[in-house]
Amino acid sequence: MKTHFKALARFRKALLPVFGLSLLLIGASAVVRLDLMDLVRGLPRGLALLRHMVPPEWSAMPRMVGPAIETVQIAFVGTGFGIVLAFVFSLLAASNVNANRALRELARGIMSAERALPDLIVILLFVAIVGLGPFPAVMALSVSAIGMLGKLFADAFEEVDPRSLEALAAVGASKMQVIQYALIPQVMPSLIANSLFRFEVNIRLSIFLGVVGAGGIGSELIMATRLLNYRTALSAIIVILVLVMVCERISDALKKAVIGHEVLQ
Amino acid sequence: MLSVQNVAKRLPDGRPLLKDISFEAKKGEFIGILGESGVGKTVLLRCINGLTAPDSGDVVINGGDTVVKVNGKRGQELRVIQQRIGMIFQGSMLVKRLSVLENVLTGRLGRISTIRSLLYGFTEDEMTVALEQLERVGIKNLAHRRAETLSGGEMQRVAIARALFQEPYLLLADEPVANLDPKNTEIVLDYLKPLAKEVAIVGVFHAPELVSKYCTRAIGIRDGVVCYDGSPFISPSKLEDIYGTERAVCTTSVA
Amino acid sequence: MKRRSLFNTGLGVVLFVAFVWSLVDLGISPRLFWRGLPHFFRLVSEMFPPSWEVLTEPDILWSVVETLSMAFLGTFFGAAAAFVLALWAASNLTPSRLVRETVKALMAAERSMPTLVVVLVLIVVIGLGPFTGMVTVAIGSIGMLGRLFAEAMENVDPRPLDSLKSTGASKLQIIRYAVLPQVVPSLIANTLYRFDINLRTVLFLGVVGGGGIGFHLHLAMSLFRYADALAITAVILSVIWMAEQLSNHLRSVVIGRETLR
């Protein structure tokens with residue numbers, strides 16, 4: 001009997017977290033109306049969907065090429081502007097570049113505020129301002145980069161050995177020259193790697209943005225599913241998967257090609 | 001009681017490491033195995049425990065009422081045997097993020113059902129016994145500390161306590177004092193030595209001085225065979241047989 | 001030396017040309033920006049004052065609870081599945097190369113799978129609703145968490161595993177007593193990080209019909225009810241902020257306590 005009590009006492013420490021977690025799980029399951037039968041019932045529907053999807057509508061493929069390219073373009077341009085914006089903000093936020101503390105704090109504050117801001121809010125704002133189409137998508141992707149890329153860039157800048165910067169300043173180089181000749185070369189690999197990573201994130205976002213009217217392959221997919229054109233939808237899915245994988249491969253190859261050199265240098 | 005009969009083991013690349021090793025160990029014996037590094041001392045211990053399967057030869061353990069062959073066993077059958085073979089590893093092999101007591105308790109994992117160990121853990125009785133073992137190596141006061149906060153010597157004492165907690169028929173020690181300073185080496189071996197009265201101990205050592213000071217018998221291995229088996233006080237010429245000329249000269253001059 | 005700088009310059013030129021071509025092809029020009037400016041001012045003026053009264057609507061409040069539940073359950077089930085898969089993907093726990101490579105390939109395929117594709121398929125299979133959103137988030141978490149968990153497991157100190165094995169412990173016991181204690185901090189940190197990502201994903205899912213507060217924001221913006229939208233945005237931001245504080249707190253409690261003990 002006594003040992004049983006002791007055993008219970010041992011559990012008491014774990015009791016509260018386990019109880020709390022179970023309660024949360026049960027509550028949340030009720031909220032989302034978690035029902036495993038939904039999955040079971042969905043099984044035949046999934047099989048039926050598969051039957052309606054296969055074979056993909058190959059004749060729709062040529063129509064998909066244009067939107068697919070548009071998706072890549074949106075991601076690419078968005079990444080390009082994003083890098084520029086993030087670069088400016090990160091220079092302002094890096095303590096070894098910008099000596100003005102107030103300005104630094106301001107830049108850091110803007111970046112972390114942007115990071116907290118969900119991409120959905122950003123894109124909906126831009127859609128409201130400039131209307132549908134690729135333009136709001138590009139702007140949303142650019143602005144979204146400020147928070148994430150800006151922080152990564154600024155961290156990379158601050159990791160640079162300050163003596164190497166001082167050495168250049170000591171020979172009378174201007175601020176811009178120090179940045180160009182001492183700072184950038186040292187952080188280049190990290191800038192490139194992070195920018196390529198952002199490009200991969202942007203490809204996915206750019207696909208999703210089709211839902212809110214940005215066009216591109218995402219729009220094609222959602223249109224096809226809304227019209228119950230499942231074979232066309234499968235074509236779009238295939239194009240999307242190929243797109244994502246090709247972009248990942250290119251990004252990996254570029255990373256290796258450019259950074260590989262840098263490391264060997 | 002342990003009997004090792006004609007054990008041989010090849011390296012993964014096919015070169016023979018152990019060619020023909022035979023010896024017996026009885027209760028009351030503390031055997032020190034010596035040999036150059038890379039001669040296969042650790043592999044031999046792993047063969048005895050069953051962590052590594054020998055290519056040929058037998059390892060037989062006689063626990064009084066039970067006589068079992070270690071080699072040729074796998075899975076559950078092997079685990080049953082391993083439960084009663086205590087092993088102390090070179091350096092610390094403790095789970096650093098568990099407490100000292102929990103580390104000792106893991107010694108009996110093999111004996112309790114997997115379901116119990118996942119859902120419940122250990123019983124009060126098991127904890128009491130584990131604490132007794134910690135007391136035997138003089139670190140009961142550290143029972144609730146995290147293993148990573150311990151010194152190297154303390155960690156090895158925890159390892160001894162865990163091996164004792166297994167109620168072993170046989171204790172194996174793979175360079176138990178390899179990374180310890182002289183003072184801790186002495187403390188750990190002083191705790192280990194008297195245990196030979198209850199259970200045969202087979203240890204691997206890098207220093208002949210330690211063997212002559214603590215062991216009851218020495219075994220030398222060279223080129224995959226036993227080249228010396230006898231008194232722990234090894235003459236310089238015999239040391240030369242074990243280590244080759246240079247090392248023997250060096251160690252005897254130090255001793 | 002020469003070849004490398006030639007390569008980099010060439011690459012730079014190609015990227016720049018592609019950039020300009022994309023700009024032109026997408027029809028993006030500063031003109032669009034100036035044209036949008038008046039809209040911006042109108043938007044701002046219509047947003048203020050935010051109509052806080054929408055927050056008293058039970059629908060909106062419920063959707064906040066729904067959003068949090070979807071993200072929480074999705075993260076929980078995703079992490080649980082990722083943990084099991086990681087056991088099969090870690091080289092020190094699964095000897096079979098075939099099993100390992102298969103699981104790793106599955107997880108990599110999941111990582112390349114855009115959320116939009118997953119959610120659209122699930123909407124057809126399960127139907128609209130928060131459950132679909134939860135499953136989408138759970139599936140989306142498996143690839144990333146699975147890889148991170150497997151890496152954490154592969155990086156554990158291998159010696160305790162060996163020593164437990166020498167005492168005759170079973171595979172599951174070794175995982176519970178030697179692997180788990182070593183990887184718990186990393187599991188918790190990564191899962192909490194994924195929760196933050198999932199919360200944002202759930203917002204997006206509202207747009208395609210996954211429910212939650214994202215749906216209401218999208219609705220308000222589409223109906224030009226900007227004052228409502230601002231109030232909803234404020235709610236979203238405070239929920240995200242609170243979730244982040246909670247997650248930071250949990251991290252420091254669980255991991256901090258572990259280290260201090």
# chains A, B, ... in the order shown; residues from 1 in each chain; ligands from 1
$ residues_around --residues "A:Asn96" --least-positions-apart "5" --cutoff "9 Å" --atoms "only C-alpha atoms" --output "PyMOL selection string"
chain A and resi 91+157-158+160+162+165
$ write_last_selection --atoms "C-alpha atoms" --output "JSON list (two decimals), in the first residue's frame"
[["chain", "number", "residue", "atom", "x", "y", "z"],
["A", 91, "LEU", "CA", 22.75, 47.87, -42.77],
["A", 157, "PHE", "CA", 26.97, 41.66, -40.62],
["A", 158, "GLU", "CA", 27.38, 41.74, -36.87],
["A", 160, "VAL", "CA", 32.02, 40.08, -39.05],
["A", 162, "PRO", "CA", 35.24, 44.36, -36.39],
["A", 165, "LEU", "CA", 36.50, 46.92, -40.74]]
$ select_by_dssp --residues "stretch 34-225 of chain A" --states "alpha helix (DSSP H)" --output "NGL selection string"
:A and (36-53 or 61-93 or 101-116 or 119-130 or 134-158 or 162-170 or 175-178 or 184-209 or 217-225)
$ interface_residues --of "chain B" --to "chain A" --cutoff "12 Å" --atoms "only C-alpha atoms" --output "PDB file with C-alpha atoms, in the first residue's frame"
ATOM      1  CA  LEU B 119       4.717   3.851 -19.090  1.00  0.00           C
ATOM      2  CA  TYR B 120       5.679   3.621 -15.475  1.00  0.00           C
ATOM      3  CA  GLY B 121       9.391   3.362 -14.844  1.00  0.00           C
ATOM      4  CA  PHE B 122      10.947   1.706 -11.849  1.00  0.00           C
ATOM      5  CA  THR B 123       9.452   0.586  -8.550  1.00  0.00           C
ATOM      6  CA  GLU B 124      10.343   1.821  -5.091  1.00  0.00           C
ATOM      7  CA  ASP B 125      12.048  -1.491  -4.311  1.00  0.00           C
ATOM      8  CA  GLU B 126      14.270  -1.180  -7.330  1.00  0.00           C
ATOM      9  CA  MET B 127      15.150   2.369  -6.315  1.00  0.00           C
ATOM     10  CA  THR B 128      16.068   1.228  -2.831  1.00  0.00           C
TER      11      THR B 128
END
$ interface_residues --of "chain C" --to "chain B" --cutoff "12 Å" --atoms "only C-alpha atoms" --output "ChimeraX atom specification"
/C:156-185,255,257-261
$ residues_around --residues "B:Ile221" --least-positions-apart "6" --cutoff "7 Å" --atoms "only C-alpha atoms" --output "list in words"
Leu34, Gly35, Cys227, Tyr228 and Ile242 of chain B
$ write_last_selection --atoms "N, CA and C atoms" --output "PDB file, in the first residue's frame"
ATOM      1  N   LEU B  34      46.094  -7.201 -20.879  1.00  0.00           N
ATOM      2  CA  LEU B  34      47.043  -6.207 -21.378  1.00  0.00           C
ATOM      3  C   LEU B  34      47.337  -6.473 -22.846  1.00  0.00           C
ATOM      4  N   GLY B  35      47.815  -5.458 -23.509  1.00  0.00           N
ATOM      5  CA  GLY B  35      48.168  -5.617 -24.914  1.00  0.00           C
ATOM      6  C   GLY B  35      48.290  -4.257 -25.553  1.00  0.00           C
ATOM      7  N   CYS B 227      49.448 -14.453 -25.135  1.00  0.00           N
ATOM      8  CA  CYS B 227      50.890 -14.685 -25.093  1.00  0.00           C
ATOM      9  C   CYS B 227      51.412 -14.713 -23.660  1.00  0.00           C
ATOM     10  N   TYR B 228      50.514 -14.384 -22.731  1.00  0.00           N
ATOM     11  CA  TYR B 228      50.927 -14.447 -21.331  1.00  0.00           C
ATOM     12  C   TYR B 228      49.688 -14.711 -20.506  1.00  0.00           C
ATOM     13  N   ILE B 242      54.663  -9.103 -24.601  1.00  0.00           N
ATOM     14  CA  ILE B 242      53.332  -8.534 -24.811  1.00  0.00           C
ATOM     15  C   ILE B 242      53.384  -7.292 -25.694  1.00  0.00           C
TER      16      ILE B 242
END
$ atom_distance --atom1 "atom CA of C:Glu57" --atom2 "atom CA of C:Val235"
12.8 Å
$ closest_residue --among "C:Phe149, C:Phe83, C:Phe76, C:Phe195" --to "chain A" --atoms "only C-alpha atoms"
C:Phe76
$ interface_residues --of "chain C" --to "chain A" --cutoff "8 Å" --atoms "only C-alpha atoms" --output "VMD selection string"
chain C and resid 4 8 19 22 to 23 26 to 28 32 to 33 35 to 37 39 to 40 43 65 to 66 69 to 70 72 to 73 112 to 117 120 124 to 126 129 to 131 134 200 203 to 204 207 to 208 214 218 221 233 237 240 to 241
$ atom_distance --atom1 "atom CA of B:Leu101" --atom2 "atom CA of B:Ile160"
12.4 Å
$ residues_around --residues "C:Ser141" --least-positions-apart "3" --cutoff "10 Å" --atoms "only C-alpha atoms" --output "PyMOL selection string"
chain C and resi 74-82+107+110-111+135-138+144-146+191+194-195+197-198
$ write_last_selection --atoms "N, CA and C atoms" --output "mmCIF file, in the first residue's frame"
data_model
loop_
_atom_site.group_PDB
_atom_site.id
_atom_site.type_symbol
_atom_site.label_atom_id
_atom_site.label_comp_id
_atom_site.auth_asym_id
_atom_site.auth_seq_id
_atom_site.Cartn_x
_atom_site.Cartn_y
_atom_site.Cartn_z
ATOM 1 N N GLY C 74 -2.773 20.476 -35.066
ATOM 2 C CA GLY C 74 -1.968 20.168 -36.244
ATOM 3 C C GLY C 74 -0.512 19.992 -35.869
ATOM 4 N N THR C 75 -0.004 20.895 -35.022
ATOM 5 C CA THR C 75 1.385 20.790 -34.589
ATOM 6 C C THR C 75 1.591 19.525 -33.766
ATOM 7 N N PHE C 76 0.626 19.244 -32.876
ATOM 8 C CA PHE C 76 0.759 18.083 -31.999
ATOM 9 C C PHE C 76 0.826 16.781 -32.804
ATOM 10 N N PHE C 77 -0.159 16.589 -33.679
ATOM 11 C CA PHE C 77 -0.186 15.342 -34.445
ATOM 12 C C PHE C 77 0.967 15.291 -35.451
ATOM 13 N N GLY C 78 1.275 16.440 -36.037
ATOM 14 C CA GLY C 78 2.398 16.480 -36.977
ATOM 15 C C GLY C 78 3.692 16.094 -36.277
ATOM 16 N N ALA C 79 3.901 16.644 -35.070
ATOM 17 C CA ALA C 79 5.135 16.359 -34.333
ATOM 18 C C ALA C 79 5.172 14.892 -33.922
ATOM 19 N N ALA C 80 4.009 14.350 -33.526
ATOM 20 C CA ALA C 80 3.970 12.942 -33.116
ATOM 21 C C ALA C 80 4.348 12.043 -34.292
ATOM 22 N N ALA C 81 3.750 12.316 -35.450
ATOM 23 C CA ALA C 81 4.065 11.507 -36.627
ATOM 24 C C ALA C 81 5.523 11.687 -37.018
ATOM 25 N N ALA C 82 6.002 12.938 -36.936
ATOM 26 C CA ALA C 82 7.388 13.215 -37.304
ATOM 27 C C ALA C 82 8.342 12.459 -36.388
ATOM 28 N N MET C 107 9.731 12.079 -46.511
ATOM 29 C CA MET C 107 9.723 13.365 -45.808
ATOM 30 C C MET C 107 10.170 14.489 -46.740
ATOM 31 N N GLU C 110 7.347 15.388 -48.940
ATOM 32 C CA GLU C 110 6.363 16.197 -48.220
ATOM 33 C C GLU C 110 6.835 17.650 -48.133
ATOM 34 N N ARG C 111 8.132 17.840 -47.907
ATOM 35 C CA ARG C 111 8.645 19.218 -47.807
ATOM 36 C C ARG C 111 8.464 19.987 -49.109
ATOM 37 N N VAL C 135 -5.698 18.867 -40.390
ATOM 38 C CA VAL C 135 -4.957 17.786 -41.053
ATOM 39 C C VAL C 135 -3.911 18.371 -41.997
ATOM 40 N N THR C 136 -4.275 19.447 -42.716
ATOM 41 C CA THR C 136 -3.323 20.095 -43.620
ATOM 42 C C THR C 136 -2.076 20.533 -42.865
ATOM 43 N N VAL C 137 -2.303 21.186 -41.731
ATOM 44 C CA VAL C 137 -1.178 21.686 -40.946
ATOM 45 C C VAL C 137 -0.344 20.522 -40.406
ATOM 46 N N ALA C 138 -1.024 19.458 -39.979
ATOM 47 C CA ALA C 138 -0.306 18.299 -39.447
ATOM 48 C C ALA C 138 0.593 17.701 -40.522
ATOM 49 N N MET C 144 9.332 18.838 -42.298
ATOM 50 C CA MET C 144 10.359 19.657 -41.660
ATOM 51 C C MET C 144 10.738 19.102 -40.290
ATOM 52 N N LEU C 145 9.714 18.829 -39.459
ATOM 53 C CA LEU C 145 10.009 18.326 -38.114
ATOM 54 C C LEU C 145 10.686 16.966 -38.179
ATOM 55 N N GLY C 146 10.230 16.121 -39.108
ATOM 56 C CA GLY C 146 10.829 14.799 -39.238
ATOM 57 C C GLY C 146 12.320 14.895 -39.507
ATOM 58 N N THR C 191 9.417 22.018 -32.138
ATOM 59 C CA THR C 191 7.961 21.924 -32.210
ATOM 60 C C THR C 191 7.319 23.284 -31.948
ATOM 61 N N ARG C 194 7.680 25.362 -34.962
ATOM 62 C CA ARG C 194 6.735 24.960 -35.990
ATOM 63 C C ARG C 194 5.329 25.457 -35.660
ATOM 64 N N PHE C 195 4.991 25.514 -34.364
ATOM 65 C CA PHE C 195 3.670 26.016 -33.988
ATOM 66 C C PHE C 195 3.486 27.444 -34.495
ATOM 67 N N ILE C 197 4.922 28.820 -37.080
ATOM 68 C CA ILE C 197 4.714 28.768 -38.532
ATOM 69 C C ILE C 197 3.282 28.318 -38.841
ATOM 70 N N ASN C 198 2.829 27.287 -38.110
ATOM 71 C CA ASN C 198 1.519 26.715 -38.384
ATOM 72 C C ASN C 198 0.387 27.705 -38.123
#
$ decode --residues "stretch 147-166 of chain C" --atoms "N, CA and C atoms" --output "CSV table (one decimal), in the first residue's frame"
chain,number,residue,atom,x,y,z
C,147,ARG,N,12.7,15.8,-40.4
C,147,ARG,CA,14.1,15.9,-40.7
C,147,ARG,C,14.9,16.5,-39.5
C,148,LEU,N,14.3,17.5,-38.9
C,148,LEU,CA,15.0,18.1,-37.7
C,148,LEU,C,15.1,17.1,-36.6
C,149,PHE,N,14.1,16.3,-36.3
C,149,PHE,CA,14.1,15.3,-35.3
C,149,PHE,C,15.1,14.2,-35.6
C,150,ALA,N,15.1,13.8,-36.8
C,150,ALA,CA,16.1,12.7,-37.2
C,150,ALA,C,17.5,13.2,-37.0
C,151,GLU,N,17.8,14.5,-37.4
C,151,GLU,CA,19.1,15.0,-37.2
C,151,GLU,C,19.5,15.1,-35.8
C,152,ALA,N,18.5,15.5,-34.9
C,152,ALA,CA,18.8,15.5,-33.5
C,152,ALA,C,19.1,14.1,-33.0
C,153,MET,N,18.4,13.1,-33.4
C,153,MET,CA,18.6,11.8,-33.0
C,153,MET,C,20.0,11.3,-33.4
C,154,GLU,N,20.3,11.6,-34.7
C,154,GLU,CA,21.6,11.1,-35.2
C,154,GLU,C,22.8,11.8,-34.5
C,155,ASN,N,22.5,12.9,-33.9
C,155,ASN,CA,23.6,13.7,-33.2
C,155,ASN,C,23.8,13.3,-31.7
C,156,VAL,N,23.0,12.4,-31.2
C,156,VAL,CA,23.1,12.1,-29.8
C,156,VAL,C,24.4,11.3,-29.6
C,157,ASP,N,24.9,11.5,-28.3
C,157,ASP,CA,26.1,10.7,-27.9
C,157,ASP,C,25.8,9.2,-28.0
C,158,PRO,N,26.6,8.5,-28.9
C,158,PRO,CA,26.2,7.1,-29.1
C,158,PRO,C,26.6,6.2,-28.0
C,159,ARG,N,27.5,6.6,-27.1
C,159,ARG,CA,28.0,5.7,-26.1
C,159,ARG,C,27.0,5.2,-25.1
C,160,PRO,N,26.1,6.1,-24.6
C,160,PRO,CA,25.1,5.6,-23.7
C,160,PRO,C,24.2,4.5,-24.3
C,161,LEU,N,24.0,4.6,-25.7
C,161,LEU,CA,23.1,3.7,-26.3
C,161,LEU,C,23.8,2.3,-26.3
C,162,ASP,N,25.1,2.3,-26.5
C,162,ASP,CA,25.9,1.0,-26.4
C,162,ASP,C,25.8,0.5,-25.0
C,163,SER,N,26.0,1.3,-24.0
C,163,SER,CA,26.1,0.8,-22.6
C,163,SER,C,24.7,0.3,-22.2
C,164,LEU,N,23.6,0.9,-22.6
C,164,LEU,CA,22.3,0.3,-22.3
C,164,LEU,C,22.1,-1.0,-23.0
C,165,LYS,N,22.6,-1.1,-24.2
C,165,LYS,CA,22.5,-2.3,-25.0
C,165,LYS,C,23.3,-3.4,-24.3
C,166,SER,N,24.4,-3.1,-23.7
C,166,SER,CA,25.2,-4.1,-23.0
C,166,SER,C,24.5,-4.7,-21.8
